[in-house]
file model_6.cif (mmCIF, C-alpha atoms)
data_final
loop_
_atom_site.label_atom_id
_atom_site.label_comp_id
_atom_site.auth_asym_id
_atom_site.auth_seq_id
_atom_site.Cartn_x
_atom_site.Cartn_y
_atom_site.Cartn_z
CA MET A 10 -56.28 177.81 -114.05
CA ARG A 11 -59.46 177.71 -111.92
CA LEU A 12 -59.57 180.30 -109.18
CA ALA A 13 -60.30 178.90 -105.72
CA THR A 14 -63.71 179.93 -104.45
CA ALA A 15 -64.38 180.98 -100.89
CA GLU A 16 -66.31 177.75 -100.33
CA SER A 17 -63.45 175.54 -101.53
CA LEU A 18 -60.96 177.45 -99.38
CA LYS A 19 -63.23 176.91 -96.37
CA VAL A 20 -63.38 173.16 -97.05
CA ASP A 21 -59.59 172.95 -97.45
CA SER A 22 -59.12 174.84 -94.18
CA THR A 23 -61.48 172.47 -92.39
CA TRP A 24 -59.60 169.42 -93.69
CA GLN A 25 -56.27 170.94 -92.62
CA GLN A 26 -57.60 171.62 -89.13
CA TRP A 27 -58.97 168.08 -88.90
CA GLY A 28 -55.66 166.61 -90.07
CA GLN A 29 -53.68 168.75 -87.64
CA GLY A 30 -56.05 167.75 -84.82
CA ARG A 31 -55.64 164.09 -85.68
CA ARG A 32 -51.85 164.39 -85.71
CA ASP A 33 -51.96 166.19 -82.37
CA ALA A 34 -54.15 163.44 -80.93
CA GLU A 35 -51.80 160.74 -82.22
CA TYR A 36 -48.80 162.59 -80.79
CA THR A 37 -50.54 162.99 -77.44
CA ALA A 38 -51.43 159.29 -77.40
CA LEU A 39 -47.84 158.39 -78.28
CA CYS A 40 -46.49 160.55 -75.46
CA ALA A 41 -49.03 159.07 -73.08
CA SER A 42 -48.01 155.58 -74.08
CA LYS A 43 -44.40 156.48 -73.28
CA MET A 44 -45.35 158.07 -69.99
CA GLU A 45 -47.78 155.28 -69.06
CA PRO A 46 -46.01 152.00 -69.89
CA ASP A 47 -48.13 148.89 -70.24
CA LEU A 48 -47.38 146.84 -67.11
CA SER A 49 -50.15 144.31 -67.61
CA GLY A 50 -47.69 141.57 -68.58
CA PHE A 51 -45.00 142.55 -66.10
CA ASN A 52 -44.24 139.90 -63.46
CA ILE A 53 -42.23 141.43 -60.64
CA ASP A 54 -41.29 138.00 -59.24
CA ALA A 55 -39.84 136.77 -62.53
CA PRO A 56 -36.01 136.73 -62.36
CA ARG A 57 -34.30 139.35 -64.49
CA TRP A 58 -31.59 136.83 -65.37
CA ASP A 59 -31.76 133.16 -66.26
CA GLN A 60 -31.49 131.31 -62.94
CA SER A 61 -30.71 128.00 -64.64
CA THR A 62 -27.22 129.31 -65.51
CA PHE A 63 -24.37 130.12 -63.15
CA LEU A 64 -23.77 133.54 -64.73
CA GLY A 65 -27.46 134.42 -64.43
CA ARG A 66 -27.46 133.52 -60.73
CA VAL A 67 -24.28 135.53 -60.10
CA LYS A 68 -25.87 138.62 -61.73
CA HIS A 69 -28.97 138.10 -59.59
CA PHE A 70 -26.99 137.95 -56.35
CA PHE A 71 -24.76 140.86 -57.37
CA ASN A 72 -27.99 142.81 -57.51
CA ILE A 73 -29.51 141.81 -54.17
CA THR A 74 -26.28 141.58 -52.13
CA ASP A 75 -25.24 145.09 -53.12
CA PRO A 76 -23.76 146.43 -49.84
CA ARG A 77 -25.05 149.93 -50.61
CA THR A 78 -28.60 148.75 -49.87
CA VAL A 79 -27.63 148.49 -46.19
CA LEU A 80 -27.66 152.32 -46.08
CA ILE A 81 -31.17 152.64 -47.53
CA PRO A 82 -33.54 154.40 -45.07
CA GLU A 83 -36.38 152.43 -43.50
CA ARG A 84 -39.07 154.49 -45.21
CA GLU A 85 -37.60 153.68 -48.64
CA LEU A 86 -37.56 149.97 -47.80
CA ASP A 87 -41.20 150.22 -46.75
CA TRP A 88 -41.95 151.96 -50.06
CA ALA A 89 -40.22 149.11 -51.91
CA LYS A 90 -42.34 146.51 -50.12
CA MET A 91 -45.52 148.45 -50.90
CA MET A 92 -44.58 148.69 -54.59
CA VAL A 93 -43.79 144.98 -54.82
CA GLU A 94 -47.08 144.03 -53.17
CA LYS A 95 -49.07 146.43 -55.39
CA SER A 96 -47.32 145.09 -58.49
CA ARG A 97 -48.26 141.54 -57.50
CA MET A 98 -51.89 142.66 -57.23
CA GLY A 99 -51.67 144.59 -60.52
CA VAL A 100 -52.57 147.95 -59.00
CA VAL A 101 -49.38 150.01 -59.33
CA PRO A 102 -49.77 153.81 -59.10
CA PRO A 103 -50.29 155.64 -62.44
CA GLY A 104 -47.05 156.73 -64.08
CA THR A 105 -44.97 153.95 -62.49
CA GLN A 106 -42.01 152.97 -64.64
CA VAL A 107 -40.55 149.47 -65.01
CA GLU A 108 -37.22 150.76 -63.70
CA GLN A 109 -38.93 151.86 -60.49
CA LEU A 110 -40.44 148.42 -59.98
CA LEU A 111 -37.12 146.70 -60.65
CA TYR A 112 -35.42 148.97 -58.12
CA ALA A 113 -38.17 148.29 -55.58
CA LYS A 114 -37.73 144.54 -56.10
CA LYS A 115 -33.98 144.86 -55.58
CA LEU A 116 -34.53 146.60 -52.23
CA TYR A 117 -37.24 144.14 -51.28
CA ASP A 118 -35.06 141.08 -52.01
CA SER A 119 -32.14 142.59 -50.10
CA ALA A 120 -34.08 143.45 -46.94
CA PHE A 121 -37.16 141.22 -46.62
CA HIS A 122 -37.38 137.49 -45.93
CA PRO A 123 -38.48 135.59 -49.08
CA ASP A 124 -40.83 133.28 -47.16
CA THR A 125 -42.43 135.56 -44.57
CA GLY A 126 -42.06 139.00 -46.15
CA ASP A 127 -40.81 140.31 -42.80
CA LYS A 128 -38.03 142.89 -42.71
CA MET A 129 -34.76 141.21 -41.72
CA ASN A 130 -32.33 142.66 -39.19
CA VAL A 131 -29.58 144.62 -40.91
CA ILE A 132 -26.62 142.54 -39.69
CA GLY A 133 -28.22 139.27 -40.80
CA ARG A 134 -28.92 140.38 -44.38
CA MET A 135 -26.78 138.94 -47.18
CA SER A 136 -26.17 142.53 -48.31
CA PHE A 137 -24.30 143.04 -45.02
CA GLN A 138 -21.92 140.16 -45.77
CA VAL A 139 -19.36 142.43 -47.40
CA PRO A 140 -19.06 145.15 -44.70
CA GLY A 141 -19.54 142.70 -41.83
CA GLY A 142 -17.39 139.94 -43.26
CA MET A 143 -14.53 142.19 -44.32
CA ILE A 144 -14.12 143.63 -40.82
CA ILE A 145 -14.31 140.30 -39.00
CA THR A 146 -12.23 138.32 -41.51
CA GLY A 147 -9.63 141.07 -41.77
CA PHE A 148 -9.07 141.16 -38.02
CA MET A 149 -9.12 137.36 -37.76
CA LEU A 150 -6.32 137.17 -40.31
CA GLN A 151 -4.39 140.02 -38.73
CA PHE A 152 -4.59 138.95 -35.08
CA TYR A 153 -3.83 135.25 -35.34
CA ARG A 154 -0.74 135.07 -33.14
CA THR A 155 -2.01 135.40 -29.55
CA MET A 156 -4.45 133.03 -27.88
CA PRO A 157 -6.82 135.73 -26.52
CA ALA A 158 -7.09 137.32 -29.97
CA ILE A 159 -7.79 133.95 -31.62
CA ILE A 160 -10.55 133.12 -29.14
CA PHE A 161 -12.12 136.59 -29.30
CA TRP A 162 -12.28 136.89 -33.09
CA GLN A 163 -13.50 133.32 -33.60
CA TRP A 164 -16.26 134.06 -31.08
CA VAL A 165 -17.18 137.28 -32.90
CA ASN A 166 -17.22 135.47 -36.26
CA GLN A 167 -19.45 132.65 -35.03
CA SER A 168 -21.82 135.15 -33.39
CA PHE A 169 -22.08 136.90 -36.75
CA ASN A 170 -22.58 133.61 -38.61
CA ALA A 171 -25.27 132.45 -36.19
CA LEU A 172 -27.22 135.65 -36.73
CA VAL A 173 -26.88 135.36 -40.52
CA ASN A 174 -27.99 131.71 -40.45
CA TYR A 175 -30.98 132.51 -38.28
CA THR A 176 -32.00 135.53 -40.38
CA ASN A 177 -31.86 133.51 -43.63
CA ARG A 178 -33.41 130.35 -42.23
CA ASN A 179 -36.22 128.50 -43.97
CA ALA A 180 -39.28 130.04 -42.31
CA ALA A 181 -41.35 126.92 -42.93
CA SER A 182 -39.21 125.12 -40.34
CA PRO A 183 -39.32 127.16 -37.11
CA THR A 184 -36.17 127.27 -34.98
CA SER A 185 -36.55 127.16 -31.20
CA VAL A 186 -34.52 129.32 -28.82
CA ARG A 187 -32.95 126.16 -27.36
CA GLN A 188 -31.94 125.00 -30.82
CA MET A 189 -30.39 128.37 -31.68
CA ALA A 190 -28.47 128.48 -28.41
CA LEU A 191 -27.18 124.92 -28.88
CA SER A 192 -26.14 125.67 -32.47
CA TYR A 193 -24.36 128.85 -31.44
CA LEU A 194 -22.46 127.20 -28.56
CA THR A 195 -21.51 124.15 -30.63
CA ALA A 196 -20.25 126.18 -33.60
CA THR A 197 -18.34 128.61 -31.39
CA THR A 198 -16.73 125.76 -29.44
CA THR A 199 -15.80 123.98 -32.67
CA ALA A 200 -14.25 127.10 -34.20
CA VAL A 201 -12.30 128.06 -31.08
CA THR A 202 -11.11 124.48 -30.45
CA THR A 203 -10.01 124.05 -34.06
CA ALA A 204 -8.21 127.41 -34.11
CA VAL A 205 -6.47 126.93 -30.76
CA SER A 206 -5.40 123.33 -31.39
CA MET A 207 -4.17 124.02 -34.94
CA ASN A 208 -2.37 127.14 -33.76
CA MET A 209 -0.49 125.04 -31.21
CA LEU A 210 0.33 122.39 -33.81
CA THR A 211 1.66 124.95 -36.29
CA LYS A 212 3.92 126.85 -33.91
CA LYS A 213 6.99 125.31 -35.51
CA ALA A 214 5.57 125.47 -39.01
CA PRO A 215 6.31 128.33 -41.48
CA PRO A 216 4.49 131.58 -40.64
CA LEU A 217 2.27 131.25 -43.71
CA VAL A 218 0.81 127.96 -42.42
CA ALA A 219 -0.22 129.66 -39.16
CA ARG A 220 -1.98 132.36 -41.20
CA TRP A 221 -4.23 129.67 -42.72
CA VAL A 222 -5.45 128.45 -39.33
CA PRO A 223 -8.41 130.91 -39.22
CA PHE A 224 -9.76 129.50 -42.49
CA ALA A 225 -9.59 125.94 -41.18
CA ALA A 226 -11.50 127.04 -38.07
CA VAL A 227 -14.12 128.90 -40.11
CA ALA A 228 -14.63 125.94 -42.48
CA ALA A 229 -14.98 123.51 -39.57
CA ALA A 230 -17.44 125.80 -37.79
CA ASN A 231 -19.58 126.21 -40.92
CA CYS A 232 -19.88 122.43 -41.17
CA VAL A 233 -21.37 122.50 -37.67
CA ASN A 234 -23.17 125.83 -37.39
CA ILE A 235 -25.45 125.61 -40.43
CA PRO A 236 -26.67 122.00 -39.94
CA MET A 237 -27.19 122.67 -36.23
CA MET A 238 -29.13 125.87 -36.88
CA ARG A 239 -31.30 124.09 -39.44
CA GLN A 240 -31.54 120.71 -37.73
CA GLN A 241 -35.32 120.97 -37.59
CA GLU A 242 -35.32 120.61 -41.37
CA LEU A 243 -33.22 117.46 -41.10
CA ILE A 244 -35.60 116.03 -38.51
CA GLN A 245 -38.98 117.02 -39.97
CA GLY A 246 -38.02 117.58 -43.59
CA ILE A 247 -38.26 120.60 -45.85
CA SER A 248 -41.31 121.55 -47.88
CA VAL A 249 -41.22 120.25 -51.47
CA LYS A 250 -43.57 121.45 -54.22
CA ASP A 251 -44.48 120.72 -57.82
CA LYS A 252 -43.75 123.16 -60.64
CA ASN A 253 -47.08 124.90 -59.96
CA HIS A 254 -46.07 125.60 -56.33
CA ASN A 255 -48.46 123.04 -54.87
CA GLU A 256 -47.01 121.54 -51.69
CA LEU A 257 -46.46 117.79 -51.93
CA GLY A 258 -44.99 117.06 -48.51
CA HIS A 259 -41.78 117.33 -46.50
CA SER A 260 -38.50 115.63 -47.34
CA ARG A 261 -35.46 115.08 -45.11
CA ARG A 262 -33.33 114.18 -48.12
CA ALA A 263 -34.15 117.50 -49.79
CA ALA A 264 -33.20 119.26 -46.55
CA ALA A 265 -29.85 117.45 -46.44
CA ILE A 266 -29.09 118.47 -50.04
CA GLY A 267 -30.05 122.11 -49.44
CA ILE A 268 -28.02 122.39 -46.24
CA THR A 269 -24.98 120.74 -47.86
CA GLN A 270 -25.11 123.23 -50.72
CA VAL A 271 -25.34 126.15 -48.29
CA VAL A 272 -22.31 124.85 -46.33
CA ILE A 273 -20.28 124.56 -49.55
CA SER A 274 -21.34 128.08 -50.58
CA ARG A 275 -20.33 129.61 -47.25
CA ILE A 276 -16.92 127.92 -47.29
CA THR A 277 -16.39 129.00 -50.90
CA MET A 278 -17.34 132.55 -49.94
CA ALA A 279 -14.55 132.71 -47.37
CA ALA A 280 -11.91 130.58 -49.14
CA PRO A 281 -10.25 132.97 -51.65
CA GLY A 282 -9.81 135.79 -49.16
CA MET A 283 -8.67 133.59 -46.29
CA ILE A 284 -6.32 131.48 -48.43
CA LEU A 285 -4.88 134.00 -50.91
CA LEU A 286 -4.81 137.08 -48.70
CA PRO A 287 -2.32 135.57 -46.20
CA ILE A 288 0.05 134.95 -49.12
CA VAL A 289 -0.33 138.57 -50.27
CA MET A 290 0.18 139.97 -46.77
CA GLU A 291 3.17 137.69 -46.18
CA ARG A 292 4.87 139.27 -49.20
CA LEU A 293 3.78 142.84 -48.44
CA GLU A 294 4.88 142.81 -44.80
CA LYS A 295 8.46 142.06 -45.87
CA LEU A 296 8.69 145.26 -47.90
CA PRO A 297 10.71 148.07 -46.21
CA PHE A 298 7.96 150.70 -46.38
CA MET A 299 5.43 148.24 -44.88
CA GLN A 300 7.77 147.67 -41.96
CA LYS A 301 7.56 151.38 -41.18
CA VAL A 302 3.72 151.54 -41.21
CA LYS A 303 2.75 148.48 -39.20
CA VAL A 304 -0.24 150.36 -37.82
CA LEU A 305 -1.77 150.25 -41.32
CA HIS A 306 -1.47 146.48 -41.72
CA ALA A 307 -4.87 145.74 -40.14
CA PRO A 308 -6.83 148.40 -42.13
CA LEU A 309 -5.12 147.22 -45.33
CA GLN A 310 -6.07 143.62 -44.63
CA VAL A 311 -9.67 144.62 -43.90
CA MET A 312 -9.86 146.57 -47.17
CA LEU A 313 -8.43 143.67 -49.18
CA CYS A 314 -10.92 141.30 -47.55
CA GLY A 315 -13.68 143.61 -48.74
CA CYS A 316 -12.34 143.45 -52.30
CA PHE A 317 -12.51 139.65 -52.23
CA LEU A 318 -15.97 139.53 -50.66
CA ILE A 319 -17.57 141.99 -53.10
CA PHE A 320 -17.09 139.33 -55.77
CA MET A 321 -17.19 136.16 -53.69
CA VAL A 322 -20.53 136.78 -51.95
CA PRO A 323 -22.57 136.72 -55.21
CA VAL A 324 -20.35 134.04 -56.75
CA ALA A 325 -20.74 131.72 -53.74
CA CYS A 326 -24.49 132.37 -53.47
CA GLY A 327 -24.84 131.60 -57.18
CA LEU A 328 -23.03 128.26 -57.09
CA PHE A 329 -26.33 126.40 -56.79
CA PRO A 330 -29.87 127.35 -57.87
CA GLN A 331 -31.94 128.96 -55.13
CA ILE A 332 -34.90 126.76 -56.08
CA CYS A 333 -33.52 123.23 -56.36
CA GLU A 334 -35.02 120.48 -58.49
CA LEU A 335 -34.98 116.90 -57.22
CA PRO A 336 -36.32 113.75 -58.96
CA VAL A 337 -39.19 112.12 -57.10
CA SER A 338 -37.25 108.84 -57.23
CA TYR A 339 -34.67 110.34 -54.86
CA LEU A 340 -37.19 111.16 -52.14
CA GLU A 341 -38.03 109.00 -49.14
CA GLN A 342 -40.02 105.93 -50.16
CA GLU A 343 -43.15 106.91 -48.23
CA LEU A 344 -43.18 110.37 -49.85
CA GLN A 345 -42.65 108.82 -53.28
CA ASP A 346 -45.61 106.51 -52.72
CA ALA A 347 -47.82 109.37 -51.55
CA ILE A 348 -46.98 111.50 -54.61
CA LYS A 349 -47.45 108.66 -57.07
CA ALA A 350 -50.72 107.60 -55.43
CA LYS A 351 -52.13 111.12 -55.91
CA TYR A 352 -50.52 112.22 -59.18
CA GLY A 353 -49.22 109.06 -60.81
CA GLU A 354 -46.32 109.84 -63.13
CA LEU A 355 -47.43 113.44 -63.71
CA VAL A 356 -44.91 114.79 -61.18
CA PRO A 357 -41.40 113.62 -62.17
CA SER A 358 -39.58 116.17 -60.01
CA VAL A 359 -40.12 118.29 -56.91
CA TYR A 360 -38.77 121.76 -56.08
CA PHE A 361 -37.61 123.34 -52.83
CA ASN A 362 -35.92 126.49 -51.54
CA LYS A 363 -32.44 125.61 -50.26
CA GLY A 364 -32.11 128.81 -48.22
CA LEU A 365 -28.99 130.96 -47.95
#
call {"tool": "encode", "arguments": {"input": "model_6.cif", "output": "structure tokens"}}
result
Amino acid sequence: MRLATAESLKVDSTWQQWGQGRRDAEYTALCASKMEPDLSGFNIDAPRWDQSTFLGRVKHFFNITDPRTVLIPERELDWAKMMVEKSRMGVVPPGTQVEQLLYAKKLYDSAFHPDTGDKMNVIGRMSFQVPGGMIITGFMLQFYRTMPAIIFWQWVNQSFNALVNYTNRNAASPTSVRQMALSYLTATTTAVTTAVSMNMLTKKAPPLVARWVPFAAVAAANCVNIPMMRQQELIQGISVKDKNHNELGHSRRAAAIGITQVVISRITMAAPGMILLPIVMERLEKLPFMQKVKVLHAPLQVMLCGCFLIFMVPVACGLFPQICELPVSYLEQELQDAIKAKYGELVPSVYFNKGL
């Protein structure tokens, strides 16, 4: 066996050091790649779930209507907006993780208007629908017997709805103060009139029927409040675009479809709680122990309303796609002619934001 010379040992040692250095460099690069994720292909505005499916839309709205986001401090919301804007420009701070950007987008979608980017008032946000709706709906269902209580809670509910409708309006169609006031007064009058008249008609009906009066009033008011608040869209039309987001014009028919879908969603949001909960409470209130704790009936009803709304807010919002597709052939004739004159048959459909 040949004895290793000093020269050969030196060469072997050099190769070992080089190999170790290379492995260290590869390990460092691997760690760096884990610490510095490649965000070049990340699109923060791309939906996390398939918005063409009902389940995908429900997951999306579960995320952005999370009532816990109402408690997020202002500075954290401002941070979320900054992160979203930087991500859109492709200049996120070094070390930013995808999870951080997704969380920032969740906060941004829950608190900022999708059209203007302005921070929305807390009460008008869809994430406030659960805490706000559960309190108002619970007390509406609890205090349905006396006329003053009916009038007061219907007024409170319509005030809340008017603020929500205004906050989530389509920013491309400005709403005047006169229009907002007229919408608010009309919806409130409709709700109170419906509730009072139906309450008088159901005095001789079974108690359960009287418990359903608030839902009838809420449904009737929604059919008035939302179209009135967004009447400018029905008069001037809503902005419609092609699939590349190029504006093609304004359509009154698209506005009518969007508003109708929003009305259906709002009624659906309230229906399970306001229809099923009276049946549950009717049974519970007959139990002996419930007779002894009547003071807890209202808090219990509020809590149960919250349980319904936690699920119904995202479900109702996800009934229809947020960005609606409409065939060009369904648009007004003059808008059809204008699109075909400019694009021919290259634009088969238009897209528009229906609002919330």
call {"tool": "resolve_selection", "arguments": {"input": "model_6.cif", "expression": "the PyMOL selection byres ((chain A and resi 138) around 12)", "output": "MDAnalysis selection string"}}
result
chainID A and resid 70:71 73:79 119 131:137 139:146 166 169:170 172:174 275 278:279 314:315 317:323 325:326 365
call {"tool": "atom_distance", "arguments": {"input": "model_6.cif", "atom1": "CA of His122 in chain A", "atom2": "CA of Arg178 in chain A"}}
result
9.0 Å
call {"tool": "atom_distance", "arguments": {"input": "model_6.cif", "atom1": "CA of Val272 in chain A", "atom2": "CA of Phe148 in chain A"}}
result
22.6 Å
call {"tool": "closest_residue", "arguments": {"input": "model_6.cif", "among": "A:Ala280, A:Val359, A:Leu64, A:Met91", "to": "Ala263 in chain A", "atoms": "only C-alpha atoms"}}
result
A:Val359
call {"tool": "closest_residue", "arguments": {"input": "model_6.cif", "among": "A:Val107, A:Leu293, A:Leu243, A:Ile266", "to": "Met92 in chain A", "atoms": "all atoms listed in the file"}}
result
A:Val107
call {"tool": "resolve_selection", "arguments": {"input": "model_6.cif", "expression": "the PyMOL selection byres ((chain A and resi 90) around 12)", "output": "count of residues only"}}
result
32
call {"tool": "closest_atom_pairs", "arguments": {"input": "model_6.cif", "of": "range 229-284 of chain A", "to": "range 327-347 of chain A", "cutoff": "7 Å", "atoms": "all atoms listed in the file", "output": "JSON lines"}}
result
{"residue": "A:Ser260", "atom": "CA", "partner": "A:Leu340", "partner_atom": "CA", "distance": 6.7}
{"residue": "A:Arg262", "atom": "CA", "partner": "A:Leu340", "partner_atom": "CA", "distance": 6.3}
{"residue": "A:Gln270", "atom": "CA", "partner": "A:Phe329", "partner_atom": "CA", "distance": 7.0}
{"residue": "A:Ser274", "atom": "CA", "partner": "A:Leu328", "partner_atom": "CA", "distance": 6.7}
call {"tool": "residues_around", "arguments": {"input": "model_6.cif", "residues": "range 224-232 of chain A", "least_positions_apart": "4", "cutoff": "8 Å", "atoms": "only C-alpha atoms", "output": "PyMOL selection string"}}
result
chain A and resi 163+167+196-197+199-201+203-204+236+272+275-276+279-280+283-284
call {"tool": "atom_distance", "arguments": {"input": "model_6.cif", "atom1": "CA of Gln300 in chain A", "atom2": "CA of Val222 in chain A"}}
result
23.5 Å
call {"tool": "resolve_selection", "arguments": {"input": "model_6.cif", "expression": "the PyMOL selection byres ((chain A and resi 364) around 8)", "output": "PyMOL selection string"}}
result
chain A and resi 177-179+267-268+271+331+362-363+365
call {"tool": "axis_aligned_box", "arguments": {"input": "model_6.cif", "around": "range 303-311 of chain A", "padding_each_side": "5 Å", "output": "AutoDock Vina command-line options"}}
result
--center_x -3.5 --center_y 147.0 --center_z -41.6 --size_x 22.4 --size_y 16.7 --size_z 17.5
call {"tool": "closest_residue", "arguments": {"input": "model_6.cif", "among": "A:Met237, A:Leu296, A:Val186, A:Ala219", "to": "Gln151 in chain A", "atoms": "all atoms listed in the file"}}
result
A:Ala219
call {"tool": "residues_around", "arguments": {"input": "model_6.cif", "residues": "Tyr153 in chain A", "least_positions_apart": "5", "cutoff": "7 Å", "atoms": "all atoms listed in the file", "output": "list of chain:residue names"}}
result
A:Ala158, A:Ile159, A:Arg220
